[in-house]
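A.B. asks: Structure supplied as model_22.txt; contents: compact mmCIF, C-alpha atoms.
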# COMPACT_ATOMS: atom_id res chain seq x y z
CA MET A 98 27.56 -76.64 -67.12
CA GLU A 99 29.05 -78.33 -70.15
CA ILE A 100 31.94 -80.74 -70.62
CA SER A 101 33.91 -81.37 -73.82
CA TYR A 102 34.19 -84.72 -75.55
CA TRP A 103 37.91 -84.79 -74.83
CA GLU A 104 37.26 -84.30 -71.14
CA ILE A 105 34.69 -87.10 -71.16
CA ALA A 106 37.16 -89.43 -72.86
CA LEU A 107 39.90 -88.46 -70.41
CA ARG A 108 37.77 -89.14 -67.35
CA LEU A 109 36.46 -92.46 -68.64
CA GLY A 110 39.98 -93.47 -69.68
CA LEU A 111 41.37 -92.69 -66.24
CA ALA A 112 38.51 -94.61 -64.64
CA VAL A 113 39.37 -97.65 -66.77
CA LEU A 114 43.04 -97.28 -65.79
CA PHE A 115 42.44 -96.88 -62.06
CA GLY A 116 39.85 -99.65 -61.92
CA GLY A 117 42.03 -101.92 -64.03
CA LEU A 118 45.01 -101.54 -61.72
CA VAL A 119 43.01 -102.62 -58.69
CA GLY A 120 41.20 -105.31 -60.67
CA PHE A 121 44.45 -106.76 -61.98
CA GLU A 122 45.67 -107.30 -58.41
CA ARG A 123 42.42 -109.09 -57.52
CA GLU A 124 42.57 -111.13 -60.73
CA SER A 125 46.11 -112.27 -59.94
CA HIS A 126 44.80 -113.81 -56.72
CA ASN A 127 41.89 -115.58 -58.48
CA ARG A 128 39.25 -113.57 -56.66
CA PRO A 129 35.55 -113.71 -57.71
CA ALA A 130 35.61 -110.11 -58.97
CA GLY A 131 38.70 -109.36 -61.02
CA PHE A 132 40.03 -107.22 -63.84
CA ARG A 133 36.89 -106.67 -65.93
CA THR A 134 34.54 -106.28 -62.98
CA HIS A 135 36.61 -103.51 -61.39
CA ILE A 136 36.97 -101.71 -64.73
CA LEU A 137 33.21 -101.82 -65.33
CA VAL A 138 32.43 -100.59 -61.81
CA CYS A 139 34.92 -97.73 -61.99
CA ALA A 140 33.97 -96.62 -65.51
CA GLY A 141 30.26 -96.93 -64.74
CA SER A 142 30.61 -94.87 -61.59
CA ALA A 143 32.51 -92.18 -63.51
CA LEU A 144 29.82 -92.07 -66.19
CA ILE A 145 27.03 -91.84 -63.61
CA MET A 146 28.88 -89.01 -61.88
CA MET A 147 29.19 -87.10 -65.16
CA VAL A 148 25.53 -87.68 -66.03
CA SER A 149 24.55 -86.48 -62.58
CA ALA A 150 26.77 -83.40 -62.71
CA TYR A 151 26.43 -82.37 -66.37
CA GLY A 152 23.40 -84.16 -67.73
CA PHE A 153 20.82 -81.86 -66.15
CA SER A 154 20.66 -78.12 -65.89
CA GLY A 155 18.24 -75.36 -65.01
CA GLU A 156 15.30 -75.39 -62.63
CA PHE A 157 11.95 -77.13 -62.65
CA GLY A 158 9.40 -74.59 -61.58
CA ASP A 159 10.02 -71.86 -59.09
CA LYS A 160 11.03 -73.97 -56.09
CA PHE A 161 12.70 -77.12 -57.46
CA ALA A 162 16.37 -76.97 -58.46
CA VAL A 163 18.48 -79.81 -59.86
CA ASP A 164 20.72 -81.53 -57.31
CA PRO A 165 23.72 -82.99 -59.21
CA SER A 166 24.63 -85.29 -56.32
CA ARG A 167 21.40 -87.28 -56.11
CA ILE A 168 22.03 -89.79 -58.89
CA ALA A 169 25.69 -90.32 -57.97
CA ALA A 170 24.79 -90.86 -54.32
CA GLN A 171 22.89 -94.00 -55.25
CA VAL A 172 26.11 -95.61 -56.48
CA VAL A 173 27.43 -95.84 -52.93
CA THR A 174 24.33 -97.73 -51.83
CA GLY A 175 23.81 -99.80 -54.96
CA ILE A 176 27.38 -101.05 -55.17
CA GLY A 177 26.82 -102.90 -51.90
CA PHE A 178 24.63 -105.44 -53.70
CA LEU A 179 27.42 -106.21 -56.16
CA GLY A 180 29.96 -106.48 -53.35
CA ALA A 181 27.70 -108.86 -51.45
CA GLY A 182 27.83 -111.23 -54.40
CA THR A 183 31.60 -111.67 -53.97
CA ILE A 184 31.32 -112.75 -50.31
CA LEU A 185 31.32 -116.51 -49.97
CA GLN A 186 30.80 -118.80 -47.02
CA GLN A 187 32.93 -121.91 -47.27
CA ARG A 188 33.41 -124.53 -44.56
CA GLY A 189 32.39 -122.14 -41.84
CA SER A 190 34.69 -119.30 -42.94
CA ILE A 191 33.86 -116.07 -44.74
CA ARG A 192 35.80 -115.20 -47.88
CA GLY A 193 35.64 -112.28 -50.29
CA LEU A 194 35.35 -109.37 -47.85
CA THR A 195 38.52 -107.73 -49.21
CA THR A 196 37.28 -108.04 -52.79
CA ALA A 197 33.89 -106.60 -51.81
CA ALA A 198 35.67 -103.67 -50.15
CA SER A 199 37.86 -103.13 -53.22
CA ILE A 200 34.76 -102.92 -55.43
CA TRP A 201 33.26 -100.35 -53.07
CA VAL A 202 36.47 -98.28 -53.08
CA VAL A 203 36.76 -98.53 -56.88
CA SER A 204 33.26 -97.11 -57.22
CA GLY A 205 34.39 -94.13 -55.12
CA ILE A 206 37.45 -93.73 -57.33
CA GLY A 207 35.18 -93.73 -60.36
CA LEU A 208 32.97 -91.04 -58.84
CA ALA A 209 36.02 -88.89 -58.06
CA THR A 210 37.32 -89.33 -61.60
CA GLY A 211 33.93 -88.53 -63.10
CA ILE A 212 33.71 -85.20 -61.28
CA GLY A 213 37.30 -84.30 -62.22
CA PHE A 214 38.95 -84.89 -58.84
CA TYR A 215 41.95 -86.55 -60.47
CA ALA A 216 44.41 -86.11 -57.61
CA GLY A 217 42.09 -87.75 -55.11
CA ALA A 218 41.33 -90.64 -57.46
CA ALA A 219 45.02 -91.26 -58.22
CA MET A 220 46.04 -91.11 -54.55
CA ALA A 221 43.21 -93.44 -53.54
CA THR A 222 44.24 -95.94 -56.23
CA PHE A 223 47.83 -95.82 -55.02
CA LEU A 224 46.83 -96.38 -51.40
CA VAL A 225 44.50 -99.24 -52.33
CA LEU A 226 47.28 -100.99 -54.25
CA ILE A 227 49.68 -100.50 -51.36
CA SER A 228 47.12 -101.99 -48.99
CA LEU A 229 46.44 -105.01 -51.21
CA LEU A 230 50.02 -105.72 -52.24
CA LEU A 231 52.27 -104.66 -49.38
CA LEU A 232 49.98 -105.39 -46.45
CA GLY A 233 48.99 -108.70 -48.03
CA ARG A 234 52.63 -109.76 -48.04
CA ILE A 235 53.04 -108.67 -44.43
CA ASP A 236 50.01 -110.75 -43.50
CA ARG A 237 51.39 -113.81 -45.25
CA ALA A 238 54.93 -113.35 -43.93
CA ILE A 239 54.21 -112.46 -40.31
CA LEU A 240 50.62 -112.98 -39.27
CA ALA A 241 50.19 -116.17 -41.27
CA GLN A 242 53.13 -117.75 -39.45
CA ARG A 243 51.40 -117.09 -36.16
CA ARG A 244 48.26 -118.75 -37.50
CA LEU A 245 49.89 -121.94 -38.80
CA LYS A 246 49.48 -124.73 -36.27
CA ARG A 247 50.21 -128.44 -36.35
CA LEU A 248 47.68 -130.92 -35.01
CA VAL A 249 48.31 -134.66 -34.75
CA VAL A 250 45.41 -136.99 -34.01
CA ARG A 251 45.45 -140.74 -33.40
CA ALA A 252 42.10 -142.40 -33.83
CA VAL A 253 40.54 -145.79 -34.37
CA ASP A 254 40.42 -146.54 -38.10
CA GLN A 255 36.73 -146.27 -38.89
CA PRO A 256 34.61 -144.69 -41.64
CA GLY A 257 34.09 -140.94 -41.32
CA VAL A 258 36.82 -140.19 -38.78
CA ILE A 259 38.55 -137.62 -40.99
CA ALA A 260 35.20 -136.11 -41.92
CA SER A 261 34.24 -135.70 -38.27
CA ILE A 262 37.55 -134.00 -37.44
CA SER A 263 37.27 -131.76 -40.50
CA GLY A 264 33.73 -130.82 -39.46
CA VAL A 265 34.93 -129.66 -36.04
CA LEU A 266 37.72 -127.63 -37.61
CA GLY A 267 35.36 -126.02 -40.11
CA GLU A 268 32.87 -125.01 -37.42
CA LEU A 269 35.69 -123.21 -35.58
CA ASN A 270 36.76 -121.34 -38.77
CA ILE A 271 39.97 -123.38 -39.04
CA ASN A 272 41.21 -124.07 -42.57
CA ILE A 273 43.07 -127.28 -43.36
CA ARG A 274 46.13 -126.60 -45.47
CA GLN A 275 47.58 -130.11 -45.51
CA ILE A 276 46.77 -133.60 -44.21
CA ASP A 277 49.36 -136.36 -43.86
CA LEU A 278 48.23 -139.92 -43.11
CA LYS A 279 50.78 -142.11 -41.39
CA THR A 280 51.09 -145.89 -41.68
CA MET A 281 48.32 -147.81 -39.92
CA GLU A 282 49.27 -149.57 -36.72
CA TYR A 283 47.48 -152.42 -34.99
CA GLN A 284 46.82 -151.70 -31.29
CA ALA A 285 46.31 -154.94 -29.38
CA ASP A 286 44.60 -153.49 -26.31
CA ILE A 287 41.68 -152.18 -28.36
CA ARG A 288 41.99 -154.86 -31.09
CA SER A 289 41.79 -152.37 -33.91
CA GLU A 290 43.86 -150.53 -36.48
CA VAL A 291 44.87 -147.04 -35.39
CA ALA A 292 45.32 -144.17 -37.85
CA THR A 293 47.68 -141.25 -37.20
CA MET A 294 46.71 -138.05 -38.99
CA GLU A 295 48.84 -134.90 -39.07
CA PHE A 296 47.02 -131.66 -39.93
CA LEU A 297 48.64 -128.37 -40.92
CA LEU A 298 46.07 -125.75 -40.01
CA VAL A 299 45.47 -122.06 -40.54
CA VAL A 300 43.69 -120.93 -37.40
CA PRO A 301 42.01 -117.64 -36.43
CA LEU A 302 44.12 -115.40 -34.21
CA ASN A 303 41.39 -115.51 -31.55
CA LEU A 304 41.07 -119.30 -31.53
CA ASP A 305 39.96 -120.82 -28.23
CA SER A 306 42.20 -123.90 -28.19
CA ALA A 307 40.39 -125.33 -25.15
CA GLN A 308 37.17 -125.41 -27.13
CA LEU A 309 38.96 -127.12 -30.02
CA PHE A 310 40.37 -129.84 -27.76
CA ARG A 311 37.03 -130.33 -26.05
CA ARG A 312 35.24 -130.76 -29.37
CA LEU A 313 37.85 -133.16 -30.71
CA ALA A 314 37.92 -135.24 -27.53
CA CYS A 315 34.17 -135.76 -27.83
CA GLN A 316 34.48 -137.33 -31.28
CA ALA A 317 34.10 -141.11 -31.39
CA GLY A 318 37.35 -143.05 -31.76
CA ILE A 319 39.80 -140.26 -30.84
CA LEU A 320 42.61 -141.77 -28.74
CA TRP A 321 45.36 -139.15 -28.63
CA ILE A 322 45.88 -135.51 -29.60
CA SER A 323 49.07 -133.49 -30.02
CA TRP A 324 49.05 -129.71 -30.49
CA GLN A 325 52.21 -127.99 -31.68
CA GLY A 326 54.28 -130.99 -30.67
CA GLU A 327 52.87 -131.25 -27.14
CA GLU A 328 50.49 -133.98 -26.09
CA VAL A 329 47.05 -132.89 -24.92
CA PRO A 330 46.20 -134.90 -21.77
CA LEU A 331 42.62 -135.78 -22.61
CA LYS A 332 41.74 -137.28 -19.22
CA THR A 333 43.01 -134.21 -17.39
CA PHE A 334 41.26 -132.05 -19.93
CA PHE A 335 37.92 -133.69 -19.24
CA ASN A 336 38.47 -132.87 -15.57
CA ASN A 337 38.58 -129.19 -16.59
CA SER A 338 42.09 -128.75 -15.24
CA PHE A 339 43.75 -128.42 -18.64
CA VAL A 340 45.10 -124.97 -19.46
CA SER A 341 45.53 -124.18 -23.16
Go ahead and render the structure in this file as structure tokens.
C.D. replies:
Amino acid sequence: MEISYWEIALRLGLAVLFGGLVGFERESHNRPAGFRTHILVCAGSALIMMVSAYGFSGEFGDKFAVDPSRIAAQVVTGIGFLGAGTILQQRGSIRGLTTAASIWVVSGIGLATGIGFYAGAAMATFLVLISLLLLGRIDRAILAQRRLKRLVVRAVDQPGVIASISGVLGELNINIRQIDLKTMEYQADIRSEVATMEFLLVVPLNLDSAQLFRRLACQAGILWISWQGEEVPLKTFFNNSFVS
């Protein structure tokens, strides 16, 4: 089988277009793999597909025929290594899974474009953009509101108290969006300054709040905890009768 130069240019051009559209969305959100990366992946996949389909012809010997899918099939496996490089672990949470998935999908779009399956490539690009743009807004507008929680902690003013609280939050995959430090107050009964810290948190939907309270209550110097405007009775909690 042969393919004209115009057809090669068309397929590579469409691969650049489709990959660029997805990459531009990722670039606008400052993701590790953005505009250029997605273009290179999509165009490279299209080229590999064309080499696999049109670069070889005929038979080798009497029993060995060329399989045009063998080279292109390695793209699906090999692209996983590139996607893995975009996945980051930060403060106990995993980031970059969506970008890694977009790279994997873009490689499939490039393969479809390279073999001439234009309709499938265009529809896939459209659906990917809808997923990234529309569903991302839904997540921020609806799901994110369910995940925003307010935590207030009063603790003895001592070195490392914020770090210890932040460490507990990070281990439970809770991201700190904002910290407000209130004015220090002297508490006579313990003869020490007391700090009031208000945290705005982004929590996982499956957060075990009882575990969070238990971990915080075990930190040195913690005197009082409020969760979503309601005081957490630490003494009752230690008696295992607290219900989150």
A.B. asks: Could you check which of A:His126, A:Arg288, A:Lys279, A:Arg251 is closest to Gln316 (chain A), using all atoms listed in the file?
C.D. replies: A:Arg251
A.B. asks: Please provide the set of residues having any atom within 12 Å of Leu179 (chain A), restricted to only C-alpha atoms, with same-chain residues fewer than 6 positions apart removed, written as a VMD selection string.
C.D. replies: chain A and resid 129 to 130 134 to 135 137 to 138 172 to 173 193 to 194 196 to 201 204
A.B. asks: Could you tell me how far CA of Leu248 (chain A) lies from CA of Glu282 (chain A), in Å and to one decimal?
C.D. replies: 18.8 Å
A.B. asks: Suppose you want the space between CA of Trp321 (chain A) and CA of Ala307 (chain A); what is it in Å?
C.D. replies: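 Computing it gives 15.1 Å between the two atoms.
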A.B. asks: Hey, which of A:Ser101, A:Ser261, A:Ser125, A:Thr174 ends up closest to Gly205 (chain A)? Count only C-alpha atoms.
C.D. replies: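 Residue with the minimum atom-to-atom distance to Gly205 (chain A): A:Thr174.
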A.B. asks: One decimal, in Å: what's the spacing between CA of Leu226 (chain A) and CA of Leu118 (chain A)?
C.D. replies: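 These atoms are spaced 7.8 Å apart.
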A.B. asks: Just want the 9 Å neighbourhood of Val291 (chain A), counted on all atoms listed in the file, with same-chain residues fewer than 2 positions away dropped. Output as a list in words.
C.D. replies: Arg251, Ala252, Val253, Asp254, Gln255, Thr280, Met281, Glu282, Tyr283, Gln284, Ser289, Thr293 and Leu320 of chain A
A.B. asks: For Gly257 (chain A), which residue out of A:Leu114, A:Ala140, A:Ala169, A:Ile319 is the nearest one, using all atoms listed in the file?
C.D. replies: A:Ile319
A.B. asks: Go through A:Ile176, A:Val119, A:Leu266, A:Leu109 one by one, measure the shortest atom-to-atom distance of each to Val300 (chain A) using only C-alpha atoms, and give the residue with the smallest value.
C.D. replies: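 Closest residue, counting only C-alpha atoms: A:Leu266.
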A.B. asks: Just save region 256-272 of chain A with N, CA and C atoms, as a short mmCIF file (atom, residue, chain, number, x, y, z; two decimals), in the first residue's frame.
C.D. replies:
data_model
loop_
_atom_site.label_atom_id
_atom_site.label_comp_id
_atom_site.auth_asym_id
_atom_site.auth_seq_id
_atom_site.Cartn_x
_atom_site.Cartn_y
_atom_site.Cartn_z
N PRO A 256 7.03 25.96 69.23
CA PRO A 256 7.60 25.70 67.90
C PRO A 256 7.08 24.39 67.30
N GLY A 257 6.75 24.45 66.00
CA GLY A 257 6.37 23.25 65.28
C GLY A 257 4.93 22.86 65.36
N VAL A 258 4.07 23.66 66.02
CA VAL A 258 2.68 23.24 66.18
C VAL A 258 1.95 23.23 64.84
N ILE A 259 2.19 24.24 64.01
CA ILE A 259 1.54 24.26 62.69
C ILE A 259 2.09 23.13 61.82
N ALA A 260 3.37 22.88 61.93
CA ALA A 260 3.98 21.81 61.14
C ALA A 260 3.39 20.45 61.52
N SER A 261 3.17 20.23 62.81
CA SER A 261 2.61 18.94 63.24
C SER A 261 1.19 18.76 62.74
N ILE A 262 0.39 19.84 62.79
CA ILE A 262 -0.98 19.77 62.28
C ILE A 262 -0.97 19.55 60.77
N SER A 263 -0.11 20.28 60.07
CA SER A 263 -0.02 20.12 58.61
C SER A 263 0.42 18.71 58.24
N GLY A 264 1.30 18.12 59.05
CA GLY A 264 1.74 16.75 58.78
C GLY A 264 0.60 15.76 58.88
N VAL A 265 -0.26 15.92 59.89
CA VAL A 265 -1.42 15.04 60.02
C VAL A 265 -2.35 15.20 58.83
N LEU A 266 -2.60 16.44 58.44
CA LEU A 266 -3.49 16.69 57.30
C LEU A 266 -2.93 16.08 56.01
N GLY A 267 -1.63 16.24 55.80
CA GLY A 267 -1.01 15.69 54.60
C GLY A 267 -1.08 14.18 54.54
N GLU A 268 -0.90 13.51 55.68
CA GLU A 268 -0.95 12.05 55.71
C GLU A 268 -2.35 11.53 55.41
N LEU A 269 -3.37 12.34 55.63
CA LEU A 269 -4.75 11.95 55.35
C LEU A 269 -5.23 12.50 54.01
N ASN A 270 -4.28 12.93 53.16
CA ASN A 270 -4.60 13.45 51.81
C ASN A 270 -5.49 14.68 51.85
N ILE A 271 -5.32 15.51 52.87
CA ILE A 271 -6.08 16.74 53.00
C ILE A 271 -5.18 17.90 52.59
N ASN A 272 -5.64 18.71 51.65
CA ASN A 272 -4.89 19.86 51.18
C ASN A 272 -5.32 21.12 51.93
#
